[in-house]
file my_file26.cif (mmCIF, C-alpha atoms)
data_run
loop_
_atom_site.label_atom_id
_atom_site.label_comp_id
_atom_site.auth_asym_id
_atom_site.auth_seq_id
_atom_site.Cartn_x
_atom_site.Cartn_y
_atom_site.Cartn_z
CA MET W 1 0.00 0.00 0.00
CA LYS W 2 2.85 2.34 0.88
CA TYR W 3 4.41 1.81 -2.56
CA LEU W 4 1.09 2.38 -4.28
CA CYS W 5 0.74 5.77 -2.54
CA LEU W 6 4.29 6.72 -3.49
CA PHE W 7 3.64 5.67 -7.08
CA ILE W 8 0.48 7.79 -7.23
CA VAL W 9 2.34 10.81 -5.84
CA PHE W 10 5.17 10.28 -8.34
CA LEU W 11 2.71 9.90 -11.20
CA SER W 12 0.86 13.08 -10.17
CA ILE W 13 4.07 15.10 -9.99
CA THR W 14 5.26 13.77 -13.34
CA THR W 15 1.91 14.51 -14.96
CA LEU W 16 1.83 18.04 -13.55
CA HIS W 17 5.37 18.67 -14.74
CA PHE W 18 4.54 17.27 -18.19
CA ASN W 19 1.41 19.42 -18.46
CA ALA W 20 3.31 22.56 -17.47
CA ASP W 21 6.04 21.78 -20.01
CA ALA W 22 3.47 21.00 -22.70
CA GLN W 23 1.67 24.29 -22.07
CA SER W 24 4.87 26.31 -22.25
CA ASP W 25 5.57 24.77 -25.66
CA LEU W 26 2.28 26.08 -27.03
CA ASP W 27 2.32 29.07 -29.36
CA SER W 28 0.27 32.22 -28.79
CA ASP W 29 -2.63 31.05 -30.96
CA GLU W 30 -2.93 27.80 -29.05
CA LEU W 31 -2.76 29.61 -25.71
CA PHE W 32 -5.41 32.07 -26.92
CA LYS W 33 -7.69 29.19 -27.88
CA LEU W 34 -7.19 27.62 -24.44
CA ALA W 35 -7.91 30.99 -22.78
CA ARG W 36 -11.18 31.33 -24.70
CA THR W 37 -12.17 27.80 -23.70
CA ALA W 38 -11.31 28.53 -20.06
CA ALA W 39 -13.35 31.73 -20.10
CA PHE W 40 -16.38 30.68 -22.13
CA ASP W 41 -16.76 26.96 -21.50
CA GLN W 42 -15.26 26.58 -18.03
CA LYS W 43 -15.98 30.09 -16.65
CA ASP W 44 -12.46 29.89 -15.18
CA TYR W 45 -11.44 33.52 -15.56
CA PRO W 46 -8.21 33.34 -13.50
CA LYS W 47 -7.02 30.52 -15.76
CA ALA W 48 -8.02 32.50 -18.85
CA ILE W 49 -6.13 35.54 -17.56
CA ASN W 50 -3.02 33.45 -16.93
CA LEU W 51 -3.19 31.90 -20.39
CA CYS W 52 -3.63 35.34 -22.00
CA ASN W 53 -0.66 36.71 -20.08
CA GLU W 54 1.45 33.72 -21.12
CA ALA W 55 0.45 34.24 -24.74
CA LEU W 56 1.21 37.97 -24.53
CA ALA W 57 4.63 37.21 -23.05
CA LYS W 58 5.33 35.32 -26.28
CA SER W 59 3.58 37.82 -28.59
CA PRO W 60 3.16 41.22 -26.90
CA GLY W 61 1.68 42.83 -30.01
CA TYR W 62 -1.13 40.29 -30.44
CA GLU W 63 -4.13 42.66 -30.36
CA ASP W 64 -6.88 40.05 -30.23
CA ILE W 65 -5.45 38.48 -27.09
CA ARG W 66 -4.95 41.86 -25.40
CA VAL W 67 -8.54 42.93 -26.21
CA PHE W 68 -9.84 39.59 -24.93
CA LEU W 69 -7.83 40.05 -21.73
CA GLY W 70 -9.36 43.52 -21.39
CA ARG W 71 -12.83 42.02 -21.75
CA ILE W 72 -12.08 39.36 -19.13
CA TYR W 73 -10.95 42.09 -16.74
CA THR W 74 -14.17 43.97 -17.50
CA TRP W 75 -16.29 40.90 -16.74
CA ASN W 76 -14.42 40.47 -13.46
CA ASP W 77 -15.00 44.05 -12.34
CA LEU W 78 -11.37 45.08 -12.80
CA PRO W 79 -11.93 48.20 -14.90
CA ASP W 80 -8.49 49.73 -14.35
CA LYS W 81 -6.75 46.61 -15.61
CA ALA W 82 -9.18 46.46 -18.53
CA ARG W 83 -8.51 50.10 -19.42
CA GLU W 84 -4.77 49.45 -19.31
CA GLN W 85 -4.97 46.53 -21.75
CA LEU W 86 -7.40 48.22 -24.12
CA GLY W 87 -5.42 51.45 -23.96
CA LEU W 88 -2.28 49.63 -25.08
CA VAL W 89 -4.11 48.41 -28.17
CA LEU W 90 -5.63 51.80 -28.96
CA GLN W 91 -2.25 53.51 -28.54
CA LYS W 92 -0.81 51.39 -31.32
CA ASN W 93 -3.97 51.09 -33.37
CA PRO W 94 -6.58 53.81 -32.72
CA LYS W 95 -8.81 52.24 -35.41
CA SER W 96 -9.02 48.84 -33.70
CA LYS W 97 -12.72 48.09 -33.93
CA ASP W 98 -12.59 45.40 -31.25
CA ALA W 99 -10.69 47.61 -28.79
CA LEU W 100 -13.06 50.52 -29.40
CA LEU W 101 -16.09 48.27 -28.85
CA ALA W 102 -14.58 46.77 -25.70
CA SER W 103 -13.66 50.22 -24.37
CA LEU W 104 -17.07 51.72 -24.89
CA ASP W 105 -18.73 48.64 -23.39
CA LEU W 106 -16.42 48.87 -20.37
CA GLU W 107 -17.32 52.50 -19.78
CA PHE W 108 -21.04 52.06 -20.44
CA TRP W 109 -21.29 49.05 -18.09
CA ASN W 110 -19.43 51.04 -15.43
CA ASN W 111 -21.94 53.91 -15.63
CA ASN W 112 -19.58 56.23 -17.43
CA SER W 113 -21.78 57.00 -20.42
CA GLU W 114 -19.96 60.25 -21.31
CA LYS W 115 -16.68 58.36 -21.71
CA ALA W 116 -18.47 55.58 -23.60
CA LEU W 117 -19.85 58.22 -25.96
CA GLU W 118 -16.31 59.53 -26.56
CA TYR W 119 -15.17 56.05 -27.63
CA CYS W 120 -18.27 55.63 -29.76
CA ASN W 121 -17.77 58.96 -31.51
CA ALA W 122 -14.11 58.09 -32.13
CA ALA W 123 -15.18 54.76 -33.61
CA LEU W 124 -17.74 56.42 -35.85
CA THR W 125 -15.01 58.65 -37.34
CA TYR W 126 -13.38 55.45 -38.63
CA TYR W 127 -16.59 53.45 -39.22
CA PRO W 128 -19.26 56.12 -39.92
CA ASN W 129 -22.02 53.78 -41.02
CA ASP W 130 -21.28 50.82 -38.76
CA GLU W 131 -24.55 49.32 -37.57
CA GLU W 132 -23.20 48.18 -34.20
CA PHE W 133 -21.58 51.51 -33.33
CA LEU W 134 -24.69 53.45 -34.39
CA LEU W 135 -26.89 51.29 -32.18
CA LYS W 136 -24.49 51.64 -29.24
CA LYS W 137 -24.43 55.40 -29.71
CA ALA W 138 -28.22 55.50 -29.62
CA ARG W 139 -28.24 53.43 -26.41
CA ILE W 140 -25.67 55.69 -24.80
CA LEU W 141 -27.53 58.86 -25.81
CA ASN W 142 -30.76 57.36 -24.46
CA ASP W 143 -29.00 56.61 -21.18
CA LEU W 144 -27.88 60.25 -21.07
CA LYS W 145 -31.51 61.30 -21.73
CA ARG W 146 -30.46 63.12 -24.89
CA TYR W 147 -33.59 62.04 -26.72
CA THR W 148 -33.43 64.40 -29.70
CA GLU W 149 -29.95 63.11 -30.58
CA THR W 150 -31.08 59.55 -29.92
CA PHE W 151 -33.95 59.94 -32.41
CA SER W 152 -31.53 61.34 -34.98
CA VAL W 153 -29.07 58.45 -34.62
CA LEU W 154 -31.86 55.87 -34.68
CA GLY W 155 -33.39 57.50 -37.77
CA ASN W 156 -30.04 57.29 -39.54
CA LEU W 157 -29.57 53.71 -38.39
CA LEU W 158 -33.03 52.60 -39.50
CA ASP W 159 -32.65 54.35 -42.86
CA ARG W 160 -29.53 52.29 -43.50
CA TYR W 161 -30.60 49.09 -41.73
CA PRO W 162 -34.42 48.95 -41.72
CA GLN W 163 -34.39 45.31 -40.56
CA ASN W 164 -32.65 46.17 -37.26
CA SER W 165 -35.20 45.08 -34.67
CA ASP W 166 -33.05 46.28 -31.74
CA ALA W 167 -33.11 49.80 -33.17
CA ARG W 168 -36.87 49.64 -33.61
CA SER W 169 -37.36 48.47 -30.02
CA LEU W 170 -35.08 51.20 -28.75
CA MET W 171 -37.00 53.77 -30.81
CA ASP W 172 -40.23 52.69 -29.08
CA ARG W 173 -38.58 52.94 -25.63
CA VAL W 174 -37.13 56.36 -26.44
CA LYS W 175 -40.53 57.62 -27.56
CA GLU W 176 -42.02 56.40 -24.30
CA ASN W 177 -39.18 57.82 -22.18
CA SER W 178 -39.21 61.19 -23.89
CA SER W 179 -42.98 61.52 -23.56
CA GLN W 180 -42.81 60.66 -19.84
CA ASN W 181 -40.21 63.39 -19.35
CA LYS W 182 -42.50 65.97 -20.96
CA LEU W 183 -45.26 65.35 -18.42
CA PRO W 184 -45.46 68.02 -15.68
#
call {"tool": "encode", "arguments": {"input": "my_file26.cif", "output": "structure tokens"}}
result
Amino acid sequence: MKYLCLFIVFLSITTLHFNADAQSDLDSDELFKLARTAAFDQKDYPKAINLCNEALAKSPGYEDIRVFLGRIYTWNDLPDKAREQLGLVLQKNPKSKDALLASLDLEFWNNNSEKALEYCNAALTYYPNDEEFLLKKARILNDLKRYTETFSVLGNLLDRYPQNSDARSLMDRVKENSSQNKLP
């Protein structure tokens, strides 16, 4: 029995060492894939963060990983760390659609709609007719109770994308909200 326990301990240590070595041999793409699996399938955010950091140590300029890490930090209520990661991407590539989306989501979800609007407006200078950015801008303006501007953005959005049911629903809510605010 004593030898069986020793064998199990030895086998566990060997397996752990092998797994650690195998993971360090993975390239950035493979680590990124593992990080996404850890985050989405396993909901193991600390593991996903570690895998992202390992991948970034190998490929510091890999934007997709850095944006994903920023999103993980956002989901884990670590806005300063998220801002740092997303800011690094936007410093090098101010047109990064994914980093702009992640940044405006971060700010909107943290009740900083003015800052979210800044990111959205910056994004719309690069992507002026982007359906997603237009809808996000309308949501932000609605949150700020800037209904006239919200109607304008939604009108533009629905002219370009008449099938957008989210925009139509938001238009109905904005009409209701703006009429409630006009009541004495």
call {"tool": "closest_atom_pairs", "arguments": {"input": "my_file26.cif", "of": "region 46-110 of chain W", "to": "region 124-143 of chain W", "cutoff": "10 Å", "atoms": "only C-alpha atoms", "output": "Markdown table"}}
result
| residue | atom | partner | partner_atom | distance |
| --- | --- | --- | --- | --- |
| W:Pro94 | CA | W:Tyr126 | CA | 9.2 |
| W:Lys95 | CA | W:Tyr126 | CA | 6.4 |
| W:Ser96 | CA | W:Tyr126 | CA | 9.3 |
| W:Lys97 | CA | W:Tyr127 | CA | 8.5 |
| W:Leu100 | CA | W:Phe133 | CA | 9.4 |
| W:Leu101 | CA | W:Phe133 | CA | 7.8 |
| W:Leu104 | CA | W:Lys136 | CA | 8.6 |
| W:Asp105 | CA | W:Lys136 | CA | 8.7 |
| W:Phe108 | CA | W:Ile140 | CA | 7.3 |
call {"tool": "write_last_selection", "arguments": {"input": "my_file26.cif", "atoms": "C-alpha atoms", "output": "compact mmCIF listing (two decimals), in the coordinates of the input"}}
result
# COMPACT_ATOMS: atom_id res chain seq x y z
CA PRO W 94 -6.58 53.81 -32.72
CA LYS W 95 -8.81 52.24 -35.41
CA SER W 96 -9.02 48.84 -33.70
CA LYS W 97 -12.72 48.09 -33.93
CA LEU W 100 -13.06 50.52 -29.40
CA LEU W 101 -16.09 48.27 -28.85
CA LEU W 104 -17.07 51.72 -24.89
CA ASP W 105 -18.73 48.64 -23.39
CA PHE W 108 -21.04 52.06 -20.44
call {"tool": "closest_residue", "arguments": {"input": "my_file26.cif", "among": "W:Tyr62, W:Trp75, W:Phe151, W:Tyr119", "to": "Asp44 (chain W)", "atoms": "all atoms listed in the file"}}
result
W:Trp75
call {"tool": "closest_residue", "arguments": {"input": "my_file26.cif", "among": "W:Ala82, W:Met171, W:Leu158, W:Ala99", "to": "Ala122 (chain W)", "atoms": "all atoms listed in the file"}}
result
W:Ala99
call {"tool": "atom_distance", "arguments": {"input": "my_file26.cif", "atom1": "CA of Asp27 (chain W)", "atom2": "CA of Lys81 (chain W)"}}
result
24.1 Å
call {"tool": "closest_residue", "arguments": {"input": "my_file26.cif", "among": "W:Lys92, W:Tyr147, W:Leu31, W:Asn50", "to": "Gln180 (chain W)", "atoms": "all atoms listed in the file"}}
result
W:Tyr147
call {"tool": "resolve_selection", "arguments": {"input": "my_file26.cif", "expression": "the PyMOL selection byres ((chain W and resi 59) around 12)", "output": "list in words"}}
result
Leu26, Asp27, Ser28, Asp29, Glu30, Leu31, Phe32, Cys52, Asn53, Glu54, Ala55, Leu56, Ala57, Lys58, Pro60, Gly61, Tyr62, Glu63, Asp64, Ile65 and Arg66 of chain W
call {"tool": "write_last_selection", "arguments": {"input": "my_file26.cif", "atoms": "C-alpha atoms", "output": "compact mmCIF listing (two decimals), keeping the file's coordinate frame"}}
result
# COMPACT_ATOMS: atom_id res chain seq x y z
CA LEU W 26 2.28 26.08 -27.03
CA ASP W 27 2.32 29.07 -29.36
CA SER W 28 0.27 32.22 -28.79
CA ASP W 29 -2.63 31.05 -30.96
CA GLU W 30 -2.93 27.80 -29.05
CA LEU W 31 -2.76 29.61 -25.71
CA PHE W 32 -5.41 32.07 -26.92
CA CYS W 52 -3.63 35.34 -22.00
CA ASN W 53 -0.66 36.71 -20.08
CA GLU W 54 1.45 33.72 -21.12
CA ALA W 55 0.45 34.24 -24.74
CA LEU W 56 1.21 37.97 -24.53
CA ALA W 57 4.63 37.21 -23.05
CA LYS W 58 5.33 35.32 -26.28
CA PRO W 60 3.16 41.22 -26.90
CA GLY W 61 1.68 42.83 -30.01
CA TYR W 62 -1.13 40.29 -30.44
CA GLU W 63 -4.13 42.66 -30.36
CA ASP W 64 -6.88 40.05 -30.23
CA ILE W 65 -5.45 38.48 -27.09
CA ARG W 66 -4.95 41.86 -25.40
call {"tool": "atom_distance", "arguments": {"input": "my_file26.cif", "atom1": "CA of Leu88 (chain W)", "atom2": "CA of Val153 (chain W)"}}
result
29.8 Å
call {"tool": "axis_aligned_box", "arguments": {"input": "my_file26.cif", "around": "region 117-124 of chain W", "padding_each_side": "5 Å", "output": "JSON"}}
result
{"center_x": -17.0, "center_y": 57.1, "center_z": -30.9, "size_x": 15.7, "size_y": 14.8, "size_z": 19.9}
call {"tool": "residues_near_point", "arguments": {"input": "my_file26.cif", "point": "(-12.6, 40.1, -11.6)", "cutoff": "12 Å", "atoms": "all atoms listed in the file", "output": "PyMOL selection string"}}
result
chain W and resi 39+43-49+69-82
call {"tool": "atom_distance", "arguments": {"input": "my_file26.cif", "atom1": "CA of Ser103 (chain W)", "atom2": "CA of Phe68 (chain W)"}}
result
11.3 Å
call {"tool": "closest_residue", "arguments": {"input": "my_file26.cif", "among": "W:Ala38, W:Ala167, W:Leu106, W:Leu117", "to": "Arg146 (chain W)", "atoms": "all atoms listed in the file"}}
result
W:Leu117
